[in-house]
$ cat data20.cif   # mmCIF, C-alpha atoms
data_entry
loop_
_atom_site.label_atom_id
_atom_site.label_comp_id
_atom_site.auth_asym_id
_atom_site.auth_seq_id
_atom_site.Cartn_x
_atom_site.Cartn_y
_atom_site.Cartn_z
CA MET A 26 -19.03 -26.33 -15.02
CA CYS A 27 -15.81 -25.54 -13.19
CA PRO A 28 -12.81 -26.09 -15.49
CA GLU A 29 -10.72 -27.01 -12.47
CA CYS A 30 -12.87 -29.64 -10.71
CA ASN A 31 -15.88 -30.17 -13.02
CA ALA A 32 -18.33 -29.14 -10.30
CA THR A 33 -21.49 -27.38 -11.36
CA VAL A 34 -21.14 -23.67 -10.66
CA GLY A 35 -24.31 -21.82 -9.77
CA LEU A 36 -24.56 -18.13 -10.54
CA ARG A 37 -26.48 -15.63 -8.46
CA ASP A 38 -28.79 -13.20 -10.24
CA GLY A 39 -27.11 -10.25 -11.87
CA VAL A 40 -23.75 -11.86 -12.56
CA GLU A 41 -22.35 -10.65 -15.86
CA ARG A 42 -19.76 -11.73 -18.40
CA GLY A 43 -16.32 -10.61 -17.25
CA GLU A 44 -17.01 -11.04 -13.54
CA VAL A 45 -14.99 -13.38 -11.38
CA VAL A 46 -16.76 -15.93 -9.21
CA THR A 47 -15.47 -18.61 -6.88
CA CYS A 48 -16.18 -22.31 -7.31
CA LEU A 49 -17.68 -23.45 -4.02
CA GLU A 50 -16.33 -26.94 -4.57
CA CYS A 51 -12.61 -26.28 -5.14
CA ASN A 52 -12.31 -22.52 -4.42
CA ALA A 53 -10.91 -21.80 -7.88
CA GLU A 54 -11.44 -18.24 -9.11
CA LEU A 55 -13.40 -18.41 -12.34
CA GLU A 56 -14.00 -15.78 -14.94
CA VAL A 57 -17.46 -15.82 -16.45
CA ILE A 58 -17.10 -15.93 -20.25
CA GLY A 59 -20.65 -16.92 -21.12
CA LEU A 60 -24.07 -16.82 -19.48
CA ASP A 61 -26.54 -18.85 -21.45
CA PRO A 62 -25.28 -21.44 -20.98
CA SER A 63 -22.84 -20.36 -18.30
CA ARG A 64 -19.20 -20.92 -19.21
CA PHE A 65 -16.05 -20.32 -17.21
CA VAL A 66 -12.30 -20.20 -17.53
CA LEU A 67 -9.77 -20.02 -14.72
CA ALA A 68 -9.35 -16.34 -13.85
CA PRO A 69 -5.88 -14.91 -14.49
CA PRO A 70 -3.80 -15.01 -11.31
CA GLU A 71 -3.03 -11.73 -9.58
CA ASP A 72 0.00 -10.08 -11.18
CA VAL A 73 2.57 -7.94 -9.43
CA ASP A 74 1.39 -4.74 -11.09
CA TRP A 75 -2.26 -5.25 -10.21
CA GLY A 76 -3.97 -2.88 -7.85
CA GLU A 77 -5.14 0.65 -7.55
CA MET B 10 -23.97 21.05 -29.91
CA ASN B 11 -24.35 17.28 -30.02
CA ASP B 12 -24.73 16.39 -26.35
CA HIS B 13 -24.46 12.63 -26.85
CA VAL B 14 -21.60 11.32 -24.72
CA ARG B 15 -19.81 8.01 -25.29
CA VAL B 16 -17.63 6.62 -22.56
CA GLY B 17 -15.42 3.57 -22.66
CA ILE B 18 -14.65 1.82 -19.39
CA PHE B 19 -11.28 0.16 -19.84
CA CYS B 20 -11.02 -2.74 -17.42
CA SER B 21 -9.57 -6.18 -16.82
CA ARG B 22 -12.37 -7.63 -14.75
CA LEU B 23 -15.90 -6.48 -14.24
CA ARG B 24 -15.62 -5.75 -10.53
CA VAL B 25 -18.24 -4.19 -8.30
CA GLU B 26 -16.65 -0.78 -8.93
CA GLU B 27 -16.87 -1.04 -12.72
CA LYS B 28 -20.50 -2.15 -12.58
CA LEU B 29 -21.40 0.74 -10.27
CA LEU B 30 -19.57 3.21 -12.51
CA ARG B 31 -21.27 1.85 -15.61
CA ASP B 32 -24.69 2.01 -13.99
CA ALA B 33 -24.09 5.58 -12.78
CA LEU B 34 -23.04 6.68 -16.26
CA VAL B 35 -25.97 4.94 -17.94
CA HIS B 36 -28.31 6.52 -15.40
CA ARG B 37 -27.10 9.90 -16.66
CA GLY B 38 -27.94 9.02 -20.25
CA ILE B 39 -24.36 8.31 -21.23
CA GLU B 40 -23.56 5.59 -23.73
CA VAL B 41 -21.12 3.18 -22.12
CA GLU B 42 -18.94 0.49 -23.62
CA ILE B 43 -17.10 -1.94 -21.37
CA VAL B 44 -13.71 -2.58 -22.93
CA ASP B 45 -11.72 -5.65 -21.88
CA ASP B 46 -8.09 -4.58 -21.80
CA ARG B 47 -7.06 -8.00 -23.13
CA GLU B 48 -9.08 -7.51 -26.29
CA LEU B 49 -8.16 -3.95 -27.25
CA THR B 50 -5.75 -3.03 -30.01
CA LEU B 51 -4.76 0.59 -30.48
CA VAL B 52 -3.00 1.69 -33.63
CA LEU B 53 -0.99 4.87 -33.52
CA GLY B 54 -1.78 7.40 -36.20
CA GLN B 55 -5.40 6.40 -36.55
CA PRO B 56 -7.65 8.92 -34.79
CA LEU B 57 -10.15 7.17 -32.56
CA ARG B 58 -13.70 8.45 -32.44
CA ARG B 59 -15.22 5.50 -30.66
CA TRP B 60 -15.34 7.26 -27.29
CA ASP B 61 -15.33 10.85 -26.03
CA VAL B 62 -13.72 9.79 -22.78
CA VAL B 63 -12.16 6.58 -21.53
CA LEU B 64 -12.43 5.80 -17.86
CA GLU B 65 -9.27 3.84 -17.21
CA ARG B 66 -10.02 1.07 -14.70
CA SER B 67 -7.52 -1.61 -15.64
CA LEU B 68 -6.37 -3.88 -12.82
CA SER B 69 -2.95 -3.85 -14.40
CA GLN B 70 -1.11 -0.58 -13.92
CA THR B 71 1.13 -1.43 -16.87
CA ARG B 72 -1.78 -1.97 -19.25
CA GLY B 73 -3.66 1.03 -17.93
CA LEU B 74 -0.72 3.37 -18.34
CA ALA B 75 0.05 2.09 -21.84
CA ALA B 76 -3.55 2.45 -22.91
CA SER B 77 -4.06 5.95 -21.49
CA ARG B 78 -0.81 7.12 -23.10
CA VAL B 79 -1.83 5.90 -26.54
CA LEU B 80 -5.46 6.96 -26.17
CA GLU B 81 -4.37 10.50 -25.37
CA SER B 82 -2.12 10.56 -28.41
CA LEU B 83 -5.13 9.47 -30.48
CA GLY B 84 -7.14 12.39 -29.18
CA VAL B 85 -9.23 10.56 -26.60
CA LEU B 86 -9.53 12.09 -23.15
CA THR B 87 -8.85 9.75 -20.28
CA VAL B 88 -9.86 9.76 -16.64
CA ASN B 89 -7.40 9.89 -15.10
CA ARG B 90 -5.00 11.63 -17.44
CA HIS B 91 -1.96 9.53 -18.26
CA ALA B 92 0.47 11.86 -16.49
CA VAL B 93 -1.59 11.68 -13.30
CA ALA B 94 -1.86 7.90 -13.40
CA ALA B 95 1.87 7.62 -14.10
CA ALA B 96 2.69 9.87 -11.16
CA CYS B 97 0.49 7.82 -8.85
CA ALA B 98 1.81 4.47 -10.13
CA SER B 99 5.25 5.33 -8.81
CA LYS B 100 5.62 6.01 -5.10
CA LEU B 101 8.88 7.77 -5.93
CA ASP B 102 7.20 10.14 -8.40
CA THR B 103 4.33 10.75 -6.01
CA SER B 104 6.69 11.55 -3.14
CA ALA B 105 8.75 13.91 -5.29
CA LEU B 106 5.65 15.77 -6.49
CA LEU B 107 4.17 16.00 -3.00
CA ASP B 108 7.45 17.27 -1.61
CA ALA B 109 7.82 19.85 -4.38
CA ALA B 110 4.32 21.09 -3.60
CA GLY B 111 5.10 21.39 0.10
CA VAL B 112 2.63 18.67 1.08
CA PRO B 113 3.69 17.06 4.38
CA THR B 114 4.67 13.41 3.99
CA PRO B 115 6.53 10.89 6.16
CA ALA B 116 10.29 11.47 5.95
CA THR B 117 11.44 9.56 2.87
CA ALA B 118 14.85 8.54 1.56
CA ILE B 119 15.99 6.90 -1.65
CA ALA B 120 19.15 4.82 -1.93
CA PHE B 121 20.74 2.72 -4.65
CA SER B 122 22.86 0.20 -2.80
CA PRO B 123 22.41 -1.82 0.38
CA GLU B 124 25.23 0.11 2.01
CA SER B 125 23.72 3.53 1.32
CA ALA B 126 20.27 2.19 2.20
CA LEU B 127 21.61 1.16 5.59
CA LEU B 128 22.99 4.65 6.17
CA ALA B 129 19.64 6.13 5.16
CA ALA B 130 17.83 3.77 7.51
CA GLU B 131 20.06 4.78 10.39
CA ASP B 132 19.28 8.44 9.63
CA LEU B 133 15.53 7.81 9.46
CA GLY B 134 15.60 5.75 12.63
CA TYR B 135 13.88 2.47 13.46
CA PRO B 136 11.23 1.33 12.96
CA MET B 137 11.10 2.34 9.35
CA VAL B 138 9.28 1.07 6.28
CA LEU B 139 10.71 -0.34 3.07
CA LYS B 140 8.34 -0.03 0.12
CA PRO B 141 8.46 -1.09 -3.52
CA ILE B 142 8.50 1.87 -5.93
CA THR B 143 5.49 0.39 -7.67
CA GLY B 144 2.96 -1.84 -6.00
CA SER B 145 -0.51 -1.91 -4.58
CA TRP B 146 -2.77 -3.60 -2.09
CA GLY B 147 -0.03 -3.46 0.55
CA ARG B 148 2.22 -5.87 -1.32
CA LEU B 149 5.88 -6.07 -0.32
CA LEU B 150 5.65 -3.45 2.42
CA ALA B 151 8.12 -4.25 5.16
CA ARG B 152 8.38 -2.66 8.56
CA ILE B 153 11.99 -2.80 9.65
CA ASN B 154 12.44 -2.66 13.38
CA ASP B 155 16.22 -2.75 13.70
CA ARG B 156 19.53 -2.85 11.88
CA ASP B 157 19.61 -6.66 11.73
CA ALA B 158 16.33 -6.77 9.86
CA ALA B 159 17.45 -3.94 7.57
CA GLU B 160 20.63 -5.77 6.61
CA ALA B 161 18.70 -8.97 5.89
CA LEU B 162 16.03 -7.28 3.77
CA PHE B 163 18.50 -5.20 1.79
CA GLU B 164 20.56 -8.32 1.07
CA HIS B 165 17.42 -10.11 -0.10
CA LYS B 166 16.65 -7.29 -2.52
CA VAL B 167 20.13 -7.42 -3.99
CA LEU B 168 20.01 -11.19 -4.43
CA LEU B 169 16.51 -11.10 -5.89
CA GLY B 170 17.90 -8.75 -8.53
CA GLY B 171 16.00 -6.93 -11.25
CA PRO B 172 15.51 -3.21 -11.70
CA GLU B 173 12.56 -3.10 -9.29
CA HIS B 174 14.88 -4.07 -6.43
CA SER B 175 17.70 -1.71 -7.39
CA VAL B 176 16.12 1.35 -5.78
CA PHE B 177 15.57 1.40 -2.04
CA TYR B 178 12.57 3.52 -1.05
CA LEU B 179 12.63 4.04 2.70
CA GLN B 180 10.16 5.88 4.85
CA ARG B 181 9.91 6.78 8.51
CA HIS B 182 7.36 4.56 10.19
CA VAL B 183 4.46 6.64 11.46
CA ASP B 184 3.01 5.30 14.70
CA LYS B 185 -0.59 5.83 13.62
CA PRO B 186 -3.51 5.06 15.92
CA GLY B 187 -4.50 1.70 14.38
CA ARG B 188 -5.94 3.34 11.32
CA ASP B 189 -5.25 5.57 8.38
CA ILE B 190 -7.51 7.86 6.39
CA ARG B 191 -8.51 7.53 2.78
CA ALA B 192 -10.02 10.65 1.24
CA PHE B 193 -11.80 10.50 -2.10
CA VAL B 194 -11.25 13.35 -4.53
CA VAL B 195 -13.40 13.88 -7.58
CA GLY B 196 -12.39 16.94 -9.57
CA ASP B 197 -12.07 19.85 -7.17
CA ALA B 198 -14.03 18.27 -4.30
CA VAL B 199 -13.30 15.88 -1.45
CA VAL B 200 -16.52 13.89 -1.66
CA CYS B 201 -15.93 11.78 1.46
CA ALA B 202 -13.33 10.03 3.56
CA ILE B 203 -13.03 6.81 5.50
CA TYR B 204 -10.94 5.47 8.33
CA ARG B 205 -9.30 2.14 7.51
CA GLU B 206 -8.85 0.32 10.80
CA SER B 207 -6.72 -2.73 11.47
CA GLU B 208 -4.69 -4.34 14.21
CA HIS B 209 -2.04 -4.86 11.54
CA TRP B 210 0.25 -1.94 10.74
CA VAL B 211 -0.75 -2.24 7.07
CA THR B 212 -4.22 -0.70 7.04
CA ASN B 213 -5.30 -1.68 3.56
CA THR B 214 -8.79 -2.99 2.81
CA ALA B 215 -7.19 -5.51 0.43
CA ARG B 216 -5.53 -6.83 3.59
CA GLY B 217 -8.72 -6.93 5.62
CA ALA B 218 -8.91 -3.48 7.17
CA ARG B 219 -12.37 -2.34 8.31
CA THR B 220 -13.84 0.92 7.08
CA ARG B 221 -15.67 3.66 8.96
CA ASN B 222 -16.80 7.12 7.98
CA CYS B 223 -14.27 9.89 8.59
CA PRO B 224 -15.73 13.40 8.80
CA VAL B 225 -14.05 15.74 6.33
CA ASP B 226 -12.94 18.78 8.29
CA SER B 227 -11.17 21.80 6.85
CA GLU B 228 -7.65 20.48 7.55
CA LEU B 229 -8.35 17.13 5.89
CA ARG B 230 -10.05 18.79 2.93
CA GLU B 231 -7.30 21.32 2.36
CA LEU B 232 -4.44 18.83 2.62
CA THR B 233 -6.22 16.27 0.44
CA LEU B 234 -6.85 18.80 -2.30
CA ARG B 235 -3.24 19.98 -2.16
CA ALA B 236 -2.06 16.39 -2.55
CA ALA B 237 -4.45 15.79 -5.44
CA ALA B 238 -3.33 18.98 -7.16
CA ALA B 239 0.33 18.02 -6.70
CA VAL B 240 -0.11 14.93 -8.89
CA GLY B 241 -2.28 16.71 -11.43
CA GLY B 242 -5.82 16.21 -10.11
CA GLY B 243 -8.67 14.03 -11.27
CA VAL B 244 -10.41 11.10 -9.61
CA LEU B 245 -8.09 10.15 -6.78
CA ALA B 246 -7.90 8.46 -3.42
CA VAL B 247 -5.48 10.19 -1.08
CA ASP B 248 -4.13 8.16 1.85
CA LEU B 249 -3.22 10.09 4.98
CA LEU B 250 -1.66 9.19 8.30
CA GLU B 251 -2.40 10.76 11.66
CA ASP B 252 0.97 11.65 13.15
CA GLY B 253 0.21 13.04 16.58
CA ASP B 254 -1.95 16.09 16.04
CA HIS B 255 -1.25 16.57 12.36
CA LEU B 256 -1.74 14.74 9.08
CA LEU B 257 0.77 13.37 6.60
CA VAL B 258 0.01 12.25 3.06
CA SER B 259 1.38 8.79 2.36
CA GLU B 260 0.05 7.88 -1.09
CA VAL B 261 -2.22 8.99 -3.90
CA ASN B 262 -4.12 6.34 -5.89
CA ALA B 263 -5.37 6.91 -9.41
CA THR B 264 -7.59 3.86 -9.95
CA MET B 265 -9.37 3.84 -6.65
CA GLU B 266 -11.49 1.06 -5.24
CA PHE B 267 -14.50 2.24 -3.31
CA ARG B 268 -16.94 -0.63 -2.82
CA ASN B 269 -16.37 -0.62 0.96
CA SER B 270 -16.73 3.13 1.28
CA ILE B 271 -20.19 3.85 -0.11
CA ASP B 272 -22.32 2.41 2.68
CA VAL B 273 -20.18 3.74 5.54
CA THR B 274 -20.05 7.28 4.16
CA GLY B 275 -23.50 7.38 2.60
CA VAL B 276 -21.91 9.09 -0.39
CA ASP B 277 -22.65 8.06 -3.96
CA ILE B 278 -19.00 7.87 -5.03
CA PRO B 279 -19.69 6.34 -8.47
CA GLY B 280 -22.29 9.04 -9.05
CA HIS B 281 -19.73 11.76 -8.36
CA VAL B 282 -17.25 10.06 -10.68
CA ALA B 283 -19.89 9.76 -13.41
CA ASP B 284 -20.69 13.48 -13.09
CA HIS B 285 -16.99 14.27 -13.42
CA VAL B 286 -16.60 12.04 -16.47
CA ARG B 287 -19.60 13.73 -18.04
CA GLU B 288 -18.06 17.15 -17.44
CA VAL B 289 -14.78 16.01 -18.99
CA ALA B 290 -16.66 14.62 -21.97
CA ARG B 291 -18.68 17.79 -22.43
CA GLY B 292 -15.43 19.75 -22.33
CA SER B 293 -14.13 17.59 -25.15
CA LEU B 294 -17.34 18.01 -27.11
CA VAL B 295 -16.96 21.79 -27.10
CA GLY B 296 -13.25 21.61 -27.81
CA ALA B 297 -11.84 22.28 -24.35
CA HIS B 298 -9.44 19.90 -22.68
CA ALA B 299 -9.68 18.68 -19.15
#
$ encode --input "data20.cif" --output "structure tokens"
Amino acid sequence: MCPECNATVGLRDGVERGEVVTCLECNAELEVIGLDPSRFVLAPPEDVDWGE
Amino acid sequence: MNDHVRVGIFCSRLRVEEKLLRDALVHRGIEVEIVDDRELTLVLGQPLRRWDVVLERSLSQTRGLAASRVLESLGVLTVNRHAVAAACASKLDTSALLDAAGVPTPATAIAFSPESALLAAEDLGYPMVLKPITGSWGRLLARINDRDAAEALFEHKVLLGGPEHSVFYLQRHVDKPGRDIRAFVVGDAVVCAIYRESEHWVTNTARGARTRNCPVDSELRELTLRAAAAVGGGVLAVDLLEDGDHLLVSEVNATMEFRNSIDVTGVDIPGHVADHVREVARGSLVGAHA
């Protein structure tokens, strides 16, 4: 369930813990912290020192 | 010799790149541990034998640099080496190293006040580009087309304050043909290159640029390898600009993203990186240092 809007978030096959997915309902970026059952937290926002 | 290799992938998010790298390493029989940079504690003075090599893939340059510095002091090899990552994290350091190595780059000037920055801009000529010393994904790049814009931007930097705005890094704007080149270096090889095409002057895939295969000819290969060597070598993405009939090196990236470059080049980039990591690890297992 999306922690931002409570919508049910479906996961495609192969998604793993630590990946970031987007809630299709509210567009929030969610970090996957559990898979069975699936659990999410809001992904950390992009910081100024992020990148390659 | 015990040939068992253990690699830690130090990352903030499990992106496509980290999954591909993990799978490539596992495919080669290497034991891999994904390490969330938010969960790791490193204690100085306590030798670490958990990994033979750490592949540093943190999204945060600050965390990545801190971790690689401490890991090296604890006797763990890192890809890339801390000194290389540090050089690439700073556009100023990169430019200085490229210049010292005689690698052609866009004309670059550094200034420390808005007044001296304005003089430098006049010398470089308009349009010119103002860049942050540190920064990625095309953030805070500004093309300055005339003196009015330069005065406004320099004033903004002064009023914003903070050490990051106290150094003015100015570069001649290169009128490139709607694209730049990104060349991928793994060890001593240029494994492939792409064009990054955009109608916008910032040709960064994080900003929506399209990618297309770029054949690696002898000039591109030679210049790319010289740029990579200038910052210390390793697993690097070298960005180049076409300036008329010759190439200029604009940046070198130490934690490269490559998801959009595999299909267009047909090159198994994560496979090459995994082979390199294995070689570094084997060097450590027999006592040599990469």
$ resolve_selection --input "data20.cif" --expression "the PyMOL selection byres ((chain B) within 7 of (chain A))" --output "VMD selection string"
chain B and resid 22 to 24 68 to 71 144 to 146 262 to 266
$ closest_residue --input "data20.cif" --among "B:Val14, B:Asp254, B:Asp272, B:Gly171" --to "B:Gly292" --atoms "all atoms listed in the file"
B:Val14
$ atom_distance --input "data20.cif" --atom1 "atom CA of B:Ala151" --atom2 "atom CA of B:Phe163"
11.0 Å
$ residues_around --input "data20.cif" --residues "A:Leu49" --least-positions-apart "3" --cutoff "9 Å" --atoms "all atoms listed in the file" --output "PyMOL selection string"
chain A and resi 32+34-35+52-53
$ residues_around --input "data20.cif" --residues "B:Val244" --least-positions-apart "4" --cutoff "12 Å" --atoms "all atoms listed in the file" --output "NGL selection string"
(:A and (77)) or (:B and (64-66 or 87-90 or 93-94 or 97 or 192-200 or 234 or 237-238 or 240 or 261-267 or 278-279 or 281-286 or 289))
$ atom_distance --input "data20.cif" --atom1 "atom CA of B:Glu48" --atom2 "atom CA of A:Asp61"
21.4 Å
